[in-house]
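> Let me give you the structure first, and then I'll get to my questions.
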Amino acid sequence: MMSSIARLGAGVGIATLAMQTPAFAHHVMGGKMPETFLQGLLSGLGHPVIGIDHLAAIVGAGLLVALAQRGVAPLFAFSGALIAGVALHLGRMDLPVSELLVGLSTIAVGVLVVLRQSMGPAIAAFLFAIVGLLHGYALGESIVGAEPAPLVAYLAGLLIIQTAIAFAAYALLARLPARGLSMTIAGIVVVLAGGMTAAAATGLVG
């Protein structure tokens, strides 16, 4: 029990640090469009974890893969779909109520964690592809209109940071008891993060 709590505490600490460091890097640019390769890279590294809904979805995906214990291939589906979602936004494709869909998809991931839903690799990959596509589309908003160099760097940063976080969650929490309290708490946090985004998208909160 104590080891489970320690692992959960370590995960919370890592998530908090991840949220602070990239946020600082993003604020160095003053919230402006990245203009250099380095600015694009820092922006890509920062954006997925500045937004708590994006961070929660990434961690939730890692938890679900750890729960299934059937390999990490679905995490690559998440990563690839996230980049594809950015590309859709850059291609001027219109996705109505995208922020609401981001929130609802994050809630779905959290509910699956709470329920300890173990999925086969194909089903997990399909689900993560949908979630990744929605989150990638939302993240693409900040890079529309950028020059090629910062754009490529932004995509690289996104791919690196979200894959690293997902695999860290998988590695750190893979040994948590499947029916332990820690997993339930983690799932609830993911649900709340998605709920906040969905509520904001519908105007229920400011």
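Here, A, B, ... name the chains of the structure tokens in the order displayed, residue numbers run from 1 inside each chain, and ligands are numbered from 1 in the same displayed order.
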Write out, as CSV, each residue of stretch 123-194 of chain A that has an atom at most 7 Å from stretch 74-81 of chain A, together with the closest pair of atoms and their distance in Å to one decimal, counting only C-alpha atoms, rows going by chain and rising number.


```
residue,atom,partner,partner_atom,distance
A:Ala124,CA,A:Pro74,CA,5.8
A:Ala125,CA,A:Pro74,CA,4.3
A:Phe128,CA,A:Phe78,CA,4.8
A:Ala129,CA,A:Phe78,CA,5.0
A:Gly132,CA,A:Phe78,CA,4.9
A:Leu133,CA,A:Ala81,CA,4.8
A:Leu159,CA,A:Ser79,CA,6.2
A:Thr163,CA,A:Ser79,CA,6.3
```

> Using only C-alpha atoms, which of the listed residues (A:Ala56, A:Ile160, A:Val109, A:Ala138) sits closest to A:Val97?

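Between A:Ala56, A:Ile160, A:Val109, A:Ala138, the residue approaching A:Val97 most closely is A:Ala138.
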
> If we count only C-alpha atoms and set the cut-off at 9 Å, which residues sit around A:Phe37, ignoring sequence neighbours fewer than 6 positions away in its own chain? Please answer as a PDB file with C-alpha atoms, in the first residue's frame.


```
ATOM      1  CA  PRO A 148       8.254  25.971 -42.015  1.00  0.00           C
ATOM      2  CA  ALA A 149      11.228  25.810 -39.591  1.00  0.00           C
ATOM      3  CA  PRO A 150       9.333  26.619 -36.367  1.00  0.00           C
ATOM      4  CA  LEU A 151       6.411  24.514 -37.597  1.00  0.00           C
ATOM      5  CA  VAL A 152       8.567  21.409 -38.035  1.00  0.00           C
ATOM      6  CA  ALA A 153      10.200  22.058 -34.664  1.00  0.00           C
ATOM      7  CA  TYR A 154       6.780  22.472 -33.025  1.00  0.00           C
TER       8      TYR A 154
END
```

> What does the distance from atom CA of A:Gln69 to atom CA of A:Val49 come to in Å, to one decimal?

25.3 Å

> Excluding same-chain residues fewer than 2 positions from A:Ala169, what lies within 7 Å of it counting only C-alpha atoms, as a list in words?

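Everything that qualifies: Val59, Gly62, Leu63, Ile165, Ala166, Phe167, Ala171, Leu172 and Leu173 of chain A.
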
> Skip A:Ser105 itself and residues of its chain fewer than 6 positions away, then list as a list in words all residues within 10 Å of it, counting only C-alpha atoms.

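Once the nearby chain positions are removed, what remains is Asp53, Ala57, Glu99, Val111, Leu127, Phe128, Ile130, Val131, Gly132, Leu134, His135, Val191, Gly194, Gly195 and Ala198 of chain A.
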
> Just want the 7 Å neighbourhood of A:Leu158, counted on only C-alpha atoms, with same-chain residues fewer than 2 positions away dropped. Output as number ranges by chain.

A: 44-45, 48, 154-156, 160-162

> Using only C-alpha atoms, find the one residue out of A:Leu181, A:Leu100, A:Leu139, A:Ala61 that sits nearest to A:Phe126.

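Of A:Leu181, A:Leu100, A:Leu139, A:Ala61, the one nearest A:Phe126, counting only C-alpha atoms, is A:Ala61.
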